[in-house]
file upload17.cif (mmCIF, C-alpha atoms)
data_protein
#
loop_
_atom_site.label_atom_id
_atom_site.label_comp_id
_atom_site.auth_asym_id
_atom_site.auth_seq_id
_atom_site.Cartn_x
_atom_site.Cartn_y
_atom_site.Cartn_z
CA MET A 1176 203.87 30.40 -14.39
CA VAL A 1177 204.19 32.56 -11.32
CA SER A 1178 201.13 34.69 -10.61
CA ARG A 1179 201.69 38.43 -10.38
CA TRP A 1180 199.55 38.36 -7.22
CA ALA A 1181 201.96 35.98 -5.44
CA PRO A 1182 204.04 38.70 -3.72
CA LEU A 1183 200.86 40.29 -2.41
CA CYS A 1184 199.64 36.94 -1.12
CA ASP A 1185 202.91 36.53 0.75
CA LEU A 1186 202.36 39.95 2.33
CA ALA A 1187 198.80 39.25 3.44
CA PRO A 1188 199.62 37.24 6.61
CA ARG A 1189 202.15 39.88 7.66
CA CYS A 1190 199.61 42.68 7.14
CA LEU A 1191 197.03 40.83 9.18
CA TRP A 1192 199.61 40.29 11.92
CA LEU A 1193 200.56 43.99 11.85
CA LEU A 1194 196.89 45.03 11.93
CA GLY A 1195 196.37 42.82 14.98
CA VAL A 1196 199.29 44.46 16.79
CA VAL A 1197 197.95 47.95 15.99
CA LEU A 1198 194.48 47.06 17.26
CA LEU A 1199 195.97 45.52 20.39
CA LEU A 1200 198.01 48.63 21.06
CA GLU A 1201 194.96 50.81 20.46
CA VAL A 1202 192.92 48.86 22.98
CA SER A 1203 195.68 48.89 25.58
CA ALA A 1204 196.20 52.63 25.04
CA ARG A 1205 192.61 53.61 25.67
CA PRO A 1206 192.27 56.08 28.50
CA ALA A 1207 191.31 54.82 31.94
CA ASN A 1208 188.11 56.86 31.95
CA HIS A 1209 186.45 54.42 29.53
CA SER A 1210 184.70 52.76 32.47
CA SER A 1211 182.96 49.43 32.34
CA ALA A 1212 179.18 49.06 32.52
CA ARG A 1213 179.55 47.85 36.10
CA GLU A 1214 181.60 50.94 37.05
CA ARG A 1215 179.09 53.27 35.38
CA ALA A 1216 176.24 51.57 37.22
CA ALA A 1217 178.09 51.95 40.52
CA SER A 1218 178.68 55.64 39.76
CA ARG A 1219 174.96 56.11 39.04
CA GLU A 1220 174.04 54.39 42.31
CA GLU A 1221 176.43 56.66 44.21
CA ARG A 1222 174.78 59.74 42.70
CA GLU A 1223 171.37 58.44 43.77
CA ILE A 1224 172.22 57.80 47.42
CA LEU A 1225 175.06 60.20 48.30
CA PRO A 1226 174.46 63.81 49.35
CA PRO A 1227 175.42 66.02 46.38
CA ASP A 1228 178.46 68.29 46.70
CA HIS A 1229 176.60 71.06 44.91
CA LEU A 1230 173.30 72.49 46.17
CA HIS A 1231 171.36 74.66 43.71
CA GLY A 1232 170.44 78.08 45.07
CA VAL A 1233 172.78 77.85 48.09
CA LYS A 1234 175.66 80.33 48.40
CA LEU A 1235 178.31 77.86 49.59
CA GLU A 1236 179.14 74.36 48.44
CA GLN A 1237 179.16 71.66 51.10
CA ASP A 1238 182.97 71.89 51.26
CA GLY A 1239 182.83 75.63 52.01
CA HIS A 1240 183.73 76.84 48.50
CA LEU A 1241 181.71 79.65 46.94
CA ASN A 1242 178.97 78.50 44.57
CA LYS A 1243 180.17 80.09 41.33
CA ASP A 1244 176.83 79.50 39.58
CA PHE A 1245 174.69 80.97 42.36
CA HIS A 1246 173.62 84.16 40.55
CA GLN A 1247 172.59 82.25 37.46
CA GLU A 1248 170.73 79.64 39.55
CA VAL A 1249 168.62 82.22 41.40
CA PHE A 1250 168.00 84.28 38.27
CA LEU A 1251 167.21 81.49 35.81
CA GLY A 1252 165.77 78.79 38.07
CA LYS A 1253 164.83 75.75 35.99
CA ASP A 1254 165.86 77.58 32.77
CA MET A 1255 169.58 77.10 33.53
CA ASP A 1256 170.07 74.93 30.44
CA GLY A 1257 168.36 77.39 28.12
CA PHE A 1258 171.42 79.62 27.70
CA ASP A 1259 174.09 77.26 26.40
CA GLU A 1260 177.07 78.77 24.60
CA ASP A 1261 175.95 77.24 21.30
CA ALA A 1262 172.37 78.52 21.61
CA GLU A 1263 171.16 80.88 18.89
CA PRO A 1264 172.00 84.43 20.17
CA ARG A 1265 168.78 86.12 19.10
CA ARG A 1266 166.68 83.42 20.72
CA SER A 1267 168.74 83.76 23.92
CA ARG A 1268 168.31 87.54 23.93
CA ARG A 1269 164.58 87.20 23.48
CA LYS A 1270 164.43 84.66 26.29
CA LEU A 1271 166.36 87.00 28.56
CA MET A 1272 163.96 89.83 27.79
CA VAL A 1273 161.01 87.54 28.57
CA ILE A 1274 162.57 86.90 31.99
CA PHE A 1275 163.14 90.65 32.40
CA SER A 1276 159.45 91.34 31.80
CA LYS A 1277 158.45 88.70 34.36
CA VAL A 1278 160.70 90.21 37.03
CA ASP A 1279 159.48 93.72 36.18
CA VAL A 1280 156.12 93.34 37.93
CA ASN A 1281 155.03 96.98 37.65
CA THR A 1282 156.05 97.11 33.94
CA ASP A 1283 158.06 100.32 34.26
CA ARG A 1284 160.95 98.73 32.30
CA LYS A 1285 163.14 98.83 35.40
CA ILE A 1286 163.85 96.10 37.95
CA SER A 1287 163.98 97.26 41.56
CA ALA A 1288 165.67 95.44 44.45
CA LYS A 1289 162.27 94.38 45.79
CA GLU A 1290 161.25 92.94 42.43
CA MET A 1291 164.56 91.09 42.16
CA GLN A 1292 164.17 89.79 45.73
CA ARG A 1293 160.73 88.37 44.94
CA TRP A 1294 162.13 86.74 41.80
CA ILE A 1295 165.09 85.20 43.68
CA MET A 1296 162.73 83.67 46.25
CA GLU A 1297 160.55 82.29 43.46
CA LYS A 1298 163.46 80.72 41.57
CA THR A 1299 164.90 79.28 44.80
CA ALA A 1300 161.53 77.64 45.45
CA GLU A 1301 161.82 76.03 41.99
CA HIS A 1302 165.15 74.46 42.96
CA PHE A 1303 163.58 73.27 46.21
CA GLN A 1304 160.75 71.57 44.36
CA GLU A 1305 163.19 69.97 41.94
CA ALA A 1306 165.14 68.52 44.88
CA VAL A 1307 161.91 67.13 46.40
CA GLN A 1308 161.07 65.35 43.12
CA GLU A 1309 164.58 63.90 42.77
CA ASN A 1310 164.53 62.79 46.40
CA ARG A 1311 161.36 60.78 45.77
CA VAL A 1312 163.27 58.72 43.18
CA HIS A 1313 166.38 58.41 45.32
CA PHE A 1314 164.38 57.32 48.36
CA ARG A 1315 162.79 54.50 46.35
CA ALA A 1316 166.31 53.32 45.45
CA VAL A 1317 167.18 52.82 49.15
CA ASP A 1318 163.70 51.68 50.22
CA PRO A 1319 162.97 48.79 47.82
CA ASP A 1320 160.39 47.18 50.14
CA GLY A 1321 158.40 50.44 50.12
CA ASP A 1322 157.70 50.52 53.87
CA GLY A 1323 158.43 54.26 54.00
CA HIS A 1324 161.46 53.91 56.27
CA VAL A 1325 165.17 53.28 55.68
CA SER A 1326 167.48 52.09 58.45
CA TRP A 1327 171.12 53.09 58.71
CA ASP A 1328 172.14 49.46 58.09
CA GLU A 1329 170.06 49.31 54.88
CA TYR A 1330 171.60 52.53 53.67
CA LYS A 1331 175.09 51.38 54.62
CA ALA A 1332 174.65 48.19 52.57
CA LYS A 1333 173.46 50.23 49.57
CA PHE A 1334 176.37 52.63 49.90
CA LEU A 1335 178.98 49.86 50.05
CA ALA A 1336 177.30 48.13 47.12
CA SER A 1337 177.80 51.34 45.13
CA LYS A 1338 181.49 51.02 46.00
CA GLY A 1339 181.71 47.56 44.46
CA HIS A 1340 180.91 45.36 47.46
CA SER A 1341 178.28 42.63 47.31
CA GLU A 1342 175.12 44.08 48.86
CA LYS A 1343 173.98 40.63 49.93
CA GLU A 1344 177.30 39.84 51.65
CA VAL A 1345 177.42 43.24 53.34
CA ALA A 1346 173.84 42.88 54.63
CA GLU A 1347 174.64 39.41 55.97
CA ALA A 1348 177.82 40.65 57.69
CA ILE A 1349 175.86 43.51 59.32
CA ARG A 1350 173.16 41.07 60.53
CA ASN A 1351 175.83 38.81 62.04
CA HIS A 1352 177.68 41.77 63.60
CA GLN A 1353 180.80 40.91 61.62
CA GLU A 1354 183.50 43.47 60.91
CA LEU A 1355 183.39 44.84 57.37
CA LYS A 1356 186.67 45.19 55.51
CA VAL A 1357 186.73 48.58 53.82
CA ASP A 1358 189.58 50.93 52.95
CA GLU A 1359 190.42 53.92 55.12
CA GLU A 1360 188.87 56.49 52.78
CA THR A 1361 185.57 54.61 52.55
CA GLN A 1362 185.50 54.20 56.33
CA GLU A 1363 185.96 57.96 56.80
CA VAL A 1364 183.11 58.69 54.37
CA LEU A 1365 180.90 56.20 56.23
CA GLU A 1366 181.57 57.89 59.56
CA ASN A 1367 180.71 61.32 58.12
CA LEU A 1368 177.53 59.93 56.56
CA LYS A 1369 176.51 58.34 59.86
CA ASP A 1370 176.91 61.69 61.68
CA ARG A 1371 174.74 63.25 59.02
CA TRP A 1372 172.20 60.42 59.32
CA TYR A 1373 171.87 61.01 63.07
CA GLN A 1374 171.32 64.72 62.47
CA ALA A 1375 168.59 64.10 59.87
CA ASP A 1376 166.78 61.66 62.17
CA ASN A 1377 164.12 63.79 63.87
CA PRO A 1378 163.20 63.04 67.51
CA PRO A 1379 162.42 60.53 68.79
CA ALA A 1380 165.63 59.16 67.25
CA ASP A 1381 165.23 55.63 65.85
CA LEU A 1382 167.89 55.65 63.08
CA LEU A 1383 165.04 55.16 60.58
CA LEU A 1384 164.65 57.93 58.02
CA THR A 1385 161.35 58.76 56.39
CA GLU A 1386 161.24 60.27 52.89
CA GLY A 1387 161.17 63.77 54.38
CA GLU A 1388 164.11 63.04 56.67
CA PHE A 1389 166.02 61.50 53.78
CA LEU A 1390 165.47 64.76 51.87
CA SER A 1391 167.14 66.62 54.77
CA PHE A 1392 169.96 64.06 54.72
CA LEU A 1393 170.66 64.70 51.02
CA HIS A 1394 169.73 68.40 50.99
CA PRO A 1395 170.51 70.17 54.30
CA GLU A 1396 169.08 73.42 52.94
CA HIS A 1397 165.60 71.91 53.40
CA SER A 1398 165.91 71.64 57.18
CA ARG A 1399 166.88 74.24 59.75
CA GLY A 1400 168.57 71.58 61.88
CA MET A 1401 170.55 70.16 58.96
CA LEU A 1402 171.51 73.64 57.74
CA LYS A 1403 172.96 74.28 61.21
CA PHE A 1404 174.86 71.00 60.93
CA MET A 1405 176.26 71.97 57.51
CA VAL A 1406 177.36 75.37 58.85
CA LYS A 1407 179.01 73.69 61.83
CA GLU A 1408 180.94 71.37 59.49
CA ILE A 1409 182.13 74.27 57.30
CA VAL A 1410 183.25 76.30 60.33
CA ARG A 1411 185.04 73.25 61.74
CA ASP A 1412 186.97 72.82 58.48
CA LEU A 1413 187.96 76.51 58.16
CA ASP A 1414 188.40 77.49 61.82
CA GLN A 1415 192.14 77.49 62.55
CA ASP A 1416 192.19 78.75 66.15
CA GLY A 1417 189.28 76.68 67.48
CA ASP A 1418 187.04 79.61 68.56
CA LYS A 1419 184.09 78.27 66.50
CA GLN A 1420 183.84 81.40 64.39
CA LEU A 1421 185.64 82.67 61.31
CA SER A 1422 188.00 85.58 60.83
CA LEU A 1423 188.72 87.01 57.38
CA PRO A 1424 192.17 85.30 57.14
CA GLU A 1425 190.54 81.96 57.99
CA PHE A 1426 187.77 82.38 55.43
CA ILE A 1427 190.08 83.39 52.58
CA SER A 1428 192.84 80.89 53.37
CA LEU A 1429 193.75 78.88 50.29
CA PRO A 1430 193.26 75.11 50.05
CA VAL A 1431 196.42 73.07 50.53
CA GLY A 1432 198.38 72.72 47.30
CA THR A 1433 201.27 74.04 45.22
CA VAL A 1434 200.94 76.76 42.59
CA GLU A 1435 202.95 75.68 39.54
CA ASN A 1436 202.40 78.51 37.04
CA GLN A 1437 200.98 81.98 36.52
CA GLN A 1438 197.56 80.60 35.63
CA GLY A 1439 197.45 78.80 38.97
CA GLN A 1440 198.53 82.01 40.73
CA ASP A 1441 195.74 83.95 39.00
CA ILE A 1442 193.19 81.37 40.14
CA ASP A 1443 194.47 81.69 43.71
CA ASP A 1444 194.34 85.50 43.54
CA ASN A 1445 190.74 85.39 42.29
CA TRP A 1446 189.84 82.88 45.03
CA VAL A 1447 191.09 85.31 47.71
CA LYS A 1448 189.48 88.34 46.05
CA ASP A 1449 186.05 86.71 45.65
CA ARG A 1450 185.96 85.30 49.19
CA LYS A 1451 187.12 88.59 50.73
CA LYS A 1452 184.35 90.48 48.93
CA GLU A 1453 181.73 87.93 50.02
CA PHE A 1454 182.95 87.96 53.64
CA GLU A 1455 183.00 91.75 53.97
CA GLU A 1456 179.90 92.66 51.97
CA LEU A 1457 177.43 89.84 52.67
CA ILE A 1458 178.41 87.33 55.36
CA ASP A 1459 179.76 89.58 58.15
CA SER A 1460 176.44 91.36 58.70
CA ASN A 1461 177.58 93.55 61.62
CA HIS A 1462 180.97 94.27 59.99
CA ASP A 1463 183.02 93.44 63.07
CA GLY A 1464 185.54 91.32 61.15
CA ILE A 1465 184.24 88.06 62.61
CA VAL A 1466 181.64 85.69 61.16
CA THR A 1467 179.67 83.72 63.74
CA MET A 1468 177.80 80.48 63.02
CA GLU A 1469 174.54 82.43 63.16
CA GLU A 1470 175.76 84.94 60.54
CA LEU A 1471 176.96 82.13 58.27
CA GLU A 1472 173.66 80.27 58.70
CA ASN A 1473 171.63 83.37 57.79
CA TYR A 1474 173.85 83.95 54.75
CA MET A 1475 173.47 80.35 53.56
CA ASP A 1476 169.75 79.96 54.24
CA PRO A 1477 168.22 80.07 50.73
CA MET A 1478 164.81 81.06 52.11
CA ASN A 1479 166.10 84.00 54.17
CA GLU A 1480 164.30 87.04 52.75
CA TYR A 1481 166.80 89.53 54.16
CA SER A 1482 169.69 87.68 52.50
CA ALA A 1483 167.68 87.52 49.26
CA LEU A 1484 167.23 91.31 49.38
CA ASN A 1485 170.96 91.85 49.91
CA GLU A 1486 171.66 89.50 47.03
CA ALA A 1487 169.19 91.38 44.83
CA LYS A 1488 170.93 94.68 45.58
CA GLN A 1489 174.33 93.18 44.81
CA MET A 1490 173.13 91.68 41.51
CA ILE A 1491 171.67 95.02 40.42
CA ALA A 1492 174.82 96.90 41.46
CA ILE A 1493 176.94 94.68 39.19
CA ALA A 1494 175.14 95.95 36.07
CA ASP A 1495 173.77 99.32 37.23
CA GLU A 1496 175.84 101.57 34.97
CA ASN A 1497 173.64 104.66 35.35
CA GLN A 1498 173.62 104.27 39.15
CA ASN A 1499 169.83 104.57 39.55
CA GLN A 1500 169.58 101.47 41.79
CA HIS A 1501 167.54 99.69 39.14
CA LEU A 1502 168.28 97.20 36.39
CA GLU A 1503 167.30 98.24 32.87
CA PRO A 1504 167.07 96.20 29.62
CA GLU A 1505 170.30 97.61 28.14
CA GLU A 1506 172.17 96.77 31.35
CA ILE A 1507 170.92 93.22 31.70
CA LEU A 1508 171.79 92.48 28.07
CA LYS A 1509 175.24 94.03 28.42
CA TYR A 1510 175.93 91.98 31.55
CA SER A 1511 174.19 88.86 30.27
CA GLU A 1512 177.20 86.69 31.09
CA PHE A 1513 176.75 87.45 34.81
CA PHE A 1514 173.05 86.59 34.75
CA THR A 1515 173.00 83.68 32.30
CA GLY A 1516 176.55 82.44 31.86
CA SER A 1517 176.43 83.39 28.16
CA LYS A 1518 177.63 86.58 26.55
CA LEU A 1519 175.00 87.97 24.16
CA VAL A 1520 176.51 90.30 21.56
CA ASP A 1521 175.07 93.51 20.11
CA TYR A 1522 173.17 94.15 23.33
CA ALA A 1523 172.27 97.82 22.67
CA ARG A 1524 170.66 97.15 19.30
CA SER A 1525 169.03 94.00 20.66
CA VAL A 1526 167.04 95.95 23.25
CA HIS A 1527 165.01 97.65 20.56
CA GLU A 1528 164.65 94.42 18.59
CA GLU A 1529 163.34 92.41 21.50
CA PHE A 1530 161.01 95.09 22.83
#
call {"tool": "encode", "arguments": {"input": "upload17.cif", "output": "structure tokens"}}
result
Amino acid sequence: MVSRWAPLCDLAPRCLWLLGVVLLLEVSARPANHSSARERAASREEREILPPDHLHGVKLEQDGHLNKDFHQEVFLGKDMDGFDEDAEPRRSRRKLMVIFSKVDVNTDRKISAKEMQRWIMEKTAEHFQEAVQENRVHFRAVDPDGDGHVSWDEYKAKFLASKGHSEKEVAEAIRNHQELKVDEETQEVLENLKDRWYQADNPPADLLLTEGEFLSFLHPEHSRGMLKFMVKEIVRDLDQDGDKQLSLPEFISLPVGTVENQQGQDIDDNWVKDRKKEFEELIDSNHDGIVTMEELENYMDPMNEYSALNEAKQMIAIADENQNQHLEPEEILKYSEFFTGSKLVDYARSVHEEF
């Protein structure tokens, strides 16, 4: 007697085979960004020892691009994460009004430029302190023996290890003065890092960085000398005629690339518009159409009180609908997206609720 389950039994091996093929295809089709544990570790090491591209509370990125989050960074300080898009709106409104009351020192329910300037300086100091704390951790990562100094060769070995090289083999090759085989891109990064290392090394130069010098290496905004170096690098990259200063066309010139659609064109148009406004209203302080290294340095210095005052006036002007040169609760709620990155609805009614 033939079992009624026999046909199904015959199918079982084929199903298993088919399931195996599907699973194999699924594995092979996984996106390349599913990195291995080793790759993730290397990425973490890079973040610990490489200077960050983005500097909180600084107007320009290290590549010369405008810092799009600057206004939120100097208004919110360490509370940047408290205004996520999915945060409860009423709680966010209340939080924004708490900040308003802290900025409004004389409690007249209006924020003046001077009050905003003081607040900007205070929030910038928070970012500075945060960088100091992070640097302490990062310095330990490159100074495992804890002697308080890191040599260029030690740092170089750590950097190449983060790129997948054997730290032990690299250190041995450096000790024996052997040539290291690295790709062209890595070699270029190494040369730029070495220039930066020399700049961070305070006199008398010994190519050994202390924790404080390493902070300047990672965060040029913490050192007048390193800020000058960063400005010099930005001018070098943007300066097309070699006069070591920037004209408006040089500052607003678009990065190399091809615009493929209207969305890309809109992004380019906004790039030019934003940089032109920044150049004319804030960077070119004497309005002669030329930005010198000194003007750019003053603009980028996060602890420059004059720049902070100009920034305060600009931030107020964005939301000052009644043109009284002050920021009022209704205005800050209406323009919450500018100050916090999140749009808080029903702003007019919310003013009375929160107060």
call {"tool": "closest_residue", "arguments": {"input": "upload17.cif", "among": "A:Ser1337, A:Gln1438, A:Gln1292, A:Ser1326", "to": "Leu1484 of chain A", "atoms": "all atoms listed in the file"}}
result
A:Gln1292
call {"tool": "residues_around", "arguments": {"input": "upload17.cif", "residues": "Arg1315 of chain A", "least_positions_apart": "3", "cutoff": "12 Å", "atoms": "all atoms listed in the file", "output": "PyMOL selection string"}}
result
chain A and resi 1220+1223-1224+1308-1312+1318-1325+1330+1333+1385-1386+1389-1390
call {"tool": "resolve_selection", "arguments": {"input": "upload17.cif", "expression": "the PyMOL selection byres ((chain A and resi 1346) around 10)", "output": "list in words"}}
result
Asp1328, Glu1329, Tyr1330, Lys1331, Ala1332, Lys1333, Leu1335, Ala1336, Ser1341, Glu1342, Lys1343, Glu1344, Val1345, Glu1347, Ala1348, Ile1349, Arg1350, Asn1351 and His1352 of chain A
call {"tool": "resolve_selection", "arguments": {"input": "upload17.cif", "expression": "the PyMOL selection byres ((chain A and resi 1248) around 10)", "output": "list in words"}}
result
His1231, Gly1232, Val1233, Asn1242, Lys1243, Asp1244, Phe1245, His1246, Gln1247, Val1249, Phe1250, Leu1251, Gly1252, Lys1253, Asp1254, Met1255, Ile1295, Lys1298, Thr1299, Glu1301, His1302, Phe1514 and Thr1515 of chain A
call {"tool": "resolve_selection", "arguments": {"input": "upload17.cif", "expression": "the PyMOL selection byres ((chain A and resi 1419) around 12)", "output": "MDAnalysis selection string"}}
result
chainID A and resid 1406:1418 1420:1422 1425 1465:1469 1471
call {"tool": "atom_distance", "arguments": {"input": "upload17.cif", "atom1": "atom CA of Lys1518 of chain A", "atom2": "atom CA of Asp1495 of chain A"}}
result
17.1 Å
call {"tool": "atom_distance", "arguments": {"input": "upload17.cif", "atom1": "atom CA of Leu1271 of chain A", "atom2": "atom CA of Asn1499 of chain A"}}
result
21.0 Å
call {"tool": "closest_residue", "arguments": {"input": "upload17.cif", "among": "A:Asp1444, A:Asp1279, A:His1501, A:Met1405", "to": "Asn1367 of chain A", "atoms": "all atoms listed in the file"}}
result
A:Met1405
call {"tool": "closest_residue", "arguments": {"input": "upload17.cif", "among": "A:Glu1396, A:Arg1371, A:Asp1449, A:Lys1270", "to": "Asn1479 of chain A", "atoms": "only C-alpha atoms"}}
result
A:Glu1396
call {"tool": "residues_near_point", "arguments": {"input": "upload17.cif", "point": "(182.2, 87.4, 48.4)", "cutoff": "12 Å", "atoms": "all atoms listed in the file", "output": "PDB file with C-alpha atoms, in the frame of the given file"}}
result
ATOM      1  CA  LYS A1234     175.660  80.330  48.400  1.00  0.00           C
ATOM      2  CA  LEU A1235     178.310  77.860  49.590  1.00  0.00           C
ATOM      3  CA  HIS A1240     183.730  76.840  48.500  1.00  0.00           C
ATOM      4  CA  LEU A1241     181.710  79.650  46.940  1.00  0.00           C
ATOM      5  CA  ASN A1242     178.970  78.500  44.570  1.00  0.00           C
ATOM      6  CA  LYS A1243     180.170  80.090  41.330  1.00  0.00           C
ATOM      7  CA  PHE A1245     174.690  80.970  42.360  1.00  0.00           C
ATOM      8  CA  LEU A1423     188.720  87.010  57.380  1.00  0.00           C
ATOM      9  CA  PHE A1426     187.770  82.380  55.430  1.00  0.00           C
ATOM     10  CA  ILE A1427     190.080  83.390  52.580  1.00  0.00           C
ATOM     11  CA  ASN A1445     190.740  85.390  42.290  1.00  0.00           C
ATOM     12  CA  TRP A1446     189.840  82.880  45.030  1.00  0.00           C
ATOM     13  CA  VAL A1447     191.090  85.310  47.710  1.00  0.00           C
ATOM     14  CA  LYS A1448     189.480  88.340  46.050  1.00  0.00           C
ATOM     15  CA  ASP A1449     186.050  86.710  45.650  1.00  0.00           C
ATOM     16  CA  ARG A1450     185.960  85.300  49.190  1.00  0.00           C
ATOM     17  CA  LYS A1451     187.120  88.590  50.730  1.00  0.00           C
ATOM     18  CA  LYS A1452     184.350  90.480  48.930  1.00  0.00           C
ATOM     19  CA  GLU A1453     181.730  87.930  50.020  1.00  0.00           C
ATOM     20  CA  PHE A1454     182.950  87.960  53.640  1.00  0.00           C
ATOM     21  CA  GLU A1455     183.000  91.750  53.970  1.00  0.00           C
ATOM     22  CA  GLU A1456     179.900  92.660  51.970  1.00  0.00           C
ATOM     23  CA  LEU A1457     177.430  89.840  52.670  1.00  0.00           C
ATOM     24  CA  ILE A1458     178.410  87.330  55.360  1.00  0.00           C
ATOM     25  CA  ASP A1459     179.760  89.580  58.150  1.00  0.00           C
ATOM     26  CA  TYR A1474     173.850  83.950  54.750  1.00  0.00           C
ATOM     27  CA  GLU A1486     171.660  89.500  47.030  1.00  0.00           C
ATOM     28  CA  GLN A1489     174.330  93.180  44.810  1.00  0.00           C
TER      29      GLN A1489
END
call {"tool": "residues_near_point", "arguments": {"input": "upload17.cif", "point": "(163.1, 97.2, 40.8)", "cutoff": "10 Å", "atoms": "only C-alpha atoms", "output": "number ranges by chain"}}
result
A: 1278-1292, 1487-1488, 1491, 1500-1503
call {"tool": "write_last_selection", "arguments": {"input": "upload17.cif", "atoms": "C-alpha atoms", "output": "JSON list (two decimals), keeping the file's coordinate frame"}}
result
[["chain", "number", "residue", "atom", "x", "y", "z"],
["A", 1278, "VAL", "CA", 160.70, 90.21, 37.03],
["A", 1279, "ASP", "CA", 159.48, 93.72, 36.18],
["A", 1280, "VAL", "CA", 156.12, 93.34, 37.93],
["A", 1281, "ASN", "CA", 155.03, 96.98, 37.65],
["A", 1282, "THR", "CA", 156.05, 97.11, 33.94],
["A", 1283, "ASP", "CA", 158.06, 100.32, 34.26],
["A", 1284, "ARG", "CA", 160.95, 98.73, 32.30],
["A", 1285, "LYS", "CA", 163.14, 98.83, 35.40],
["A", 1286, "ILE", "CA", 163.85, 96.10, 37.95],
["A", 1287, "SER", "CA", 163.98, 97.26, 41.56],
["A", 1288, "ALA", "CA", 165.67, 95.44, 44.45],
["A", 1289, "LYS", "CA", 162.27, 94.38, 45.79],
["A", 1290, "GLU", "CA", 161.25, 92.94, 42.43],
["A", 1291, "MET", "CA", 164.56, 91.09, 42.16],
["A", 1292, "GLN", "CA", 164.17, 89.79, 45.73],
["A", 1487, "ALA", "CA", 169.19, 91.38, 44.83],
["A", 1488, "LYS", "CA", 170.93, 94.68, 45.58],
["A", 1491, "ILE", "CA", 171.67, 95.02, 40.42],
["A", 1500, "GLN", "CA", 169.58, 101.47, 41.79],
["A", 1501, "HIS", "CA", 167.54, 99.69, 39.14],
["A", 1502, "LEU", "CA", 168.28, 97.20, 36.39],
["A", 1503, "GLU", "CA", 167.30, 98.24, 32.87]]
call {"tool": "atom_distance", "arguments": {"input": "upload17.cif", "atom1": "atom CA of His1313 of chain A", "atom2": "atom CA of Leu1382 of chain A"}}
result
18.0 Å
call {"tool": "residues_around", "arguments": {"input": "upload17.cif", "residues": "Ala1375 of chain A", "least_positions_apart": "5", "cutoff": "10 Å", "atoms": "only C-alpha atoms", "output": "MDAnalysis selection string"}}
result
chainID A and resid 1369:1370 1380 1382:1385 1387:1395 1398 1400:1401 1404
call {"tool": "write_last_selection", "arguments": {"input": "upload17.cif", "atoms": "C-alpha atoms", "output": "PDB file, in the coordinates of the input"}}
result
ATOM      1  CA  LYS A1369     176.510  58.340  59.860  1.00  0.00           C
ATOM      2  CA  ASP A1370     176.910  61.690  61.680  1.00  0.00           C
ATOM      3  CA  ALA A1380     165.630  59.160  67.250  1.00  0.00           C
ATOM      4  CA  LEU A1382     167.890  55.650  63.080  1.00  0.00           C
ATOM      5  CA  LEU A1383     165.040  55.160  60.580  1.00  0.00           C
ATOM      6  CA  LEU A1384     164.650  57.930  58.020  1.00  0.00           C
ATOM      7  CA  THR A1385     161.350  58.760  56.390  1.00  0.00           C
ATOM      8  CA  GLY A1387     161.170  63.770  54.380  1.00  0.00           C
ATOM      9  CA  GLU A1388     164.110  63.040  56.670  1.00  0.00           C
ATOM     10  CA  PHE A1389     166.020  61.500  53.780  1.00  0.00           C
ATOM     11  CA  LEU A1390     165.470  64.760  51.870  1.00  0.00           C
ATOM     12  CA  SER A1391     167.140  66.620  54.770  1.00  0.00           C
ATOM     13  CA  PHE A1392     169.960  64.060  54.720  1.00  0.00           C
ATOM     14  CA  LEU A1393     170.660  64.700  51.020  1.00  0.00           C
ATOM     15  CA  HIS A1394     169.730  68.400  50.990  1.00  0.00           C
ATOM     16  CA  PRO A1395     170.510  70.170  54.300  1.00  0.00           C
ATOM     17  CA  SER A1398     165.910  71.640  57.180  1.00  0.00           C
ATOM     18  CA  GLY A1400     168.570  71.580  61.880  1.00  0.00           C
ATOM     19  CA  MET A1401     170.550  70.160  58.960  1.00  0.00           C
ATOM     20  CA  PHE A1404     174.860  71.000  60.930  1.00  0.00           C
TER      21      PHE A1404
END
call {"tool": "build_atoms", "arguments": {"input": "upload17.cif", "residues": "segment 1288-1295 of chain A", "atoms": "N, CA and C atoms", "output": "PDB file, keeping the file's coordinate frame"}}
result
ATOM      1  N   ALA A1288     165.135  96.461  43.529  1.00  0.00           N
ATOM      2  CA  ALA A1288     165.670  95.440  44.450  1.00  0.00           C
ATOM      3  C   ALA A1288     164.556  94.559  44.986  1.00  0.00           C
ATOM      4  N   LYS A1289     163.404  95.149  45.268  1.00  0.00           N
ATOM      5  CA  LYS A1289     162.270  94.380  45.790  1.00  0.00           C
ATOM      6  C   LYS A1289     161.758  93.388  44.749  1.00  0.00           C
ATOM      7  N   GLU A1290     161.690  93.843  43.497  1.00  0.00           N
ATOM      8  CA  GLU A1290     161.250  92.940  42.430  1.00  0.00           C
ATOM      9  C   GLU A1290     162.249  91.804  42.239  1.00  0.00           C
ATOM     10  N   MET A1291     163.534  92.123  42.297  1.00  0.00           N
ATOM     11  CA  MET A1291     164.560  91.090  42.160  1.00  0.00           C
ATOM     12  C   MET A1291     164.521  90.126  43.345  1.00  0.00           C
ATOM     13  N   GLN A1292     164.273  90.653  44.536  1.00  0.00           N
ATOM     14  CA  GLN A1292     164.170  89.790  45.730  1.00  0.00           C
ATOM     15  C   GLN A1292     163.036  88.783  45.577  1.00  0.00           C
ATOM     16  N   ARG A1293     161.881  89.272  45.129  1.00  0.00           N
ATOM     17  CA  ARG A1293     160.730  88.370  44.940  1.00  0.00           C
ATOM     18  C   ARG A1293     161.077  87.284  43.922  1.00  0.00           C
ATOM     19  N   TRP A1294     161.765  87.685  42.843  1.00  0.00           N
ATOM     20  CA  TRP A1294     162.130  86.740  41.800  1.00  0.00           C
ATOM     21  C   TRP A1294     163.111  85.688  42.326  1.00  0.00           C
ATOM     22  N   ILE A1295     164.103  86.119  43.099  1.00  0.00           N
ATOM     23  CA  ILE A1295     165.090  85.200  43.680  1.00  0.00           C
ATOM     24  C   ILE A1295     164.404  84.154  44.548  1.00  0.00           C
TER      25      ILE A1295
END
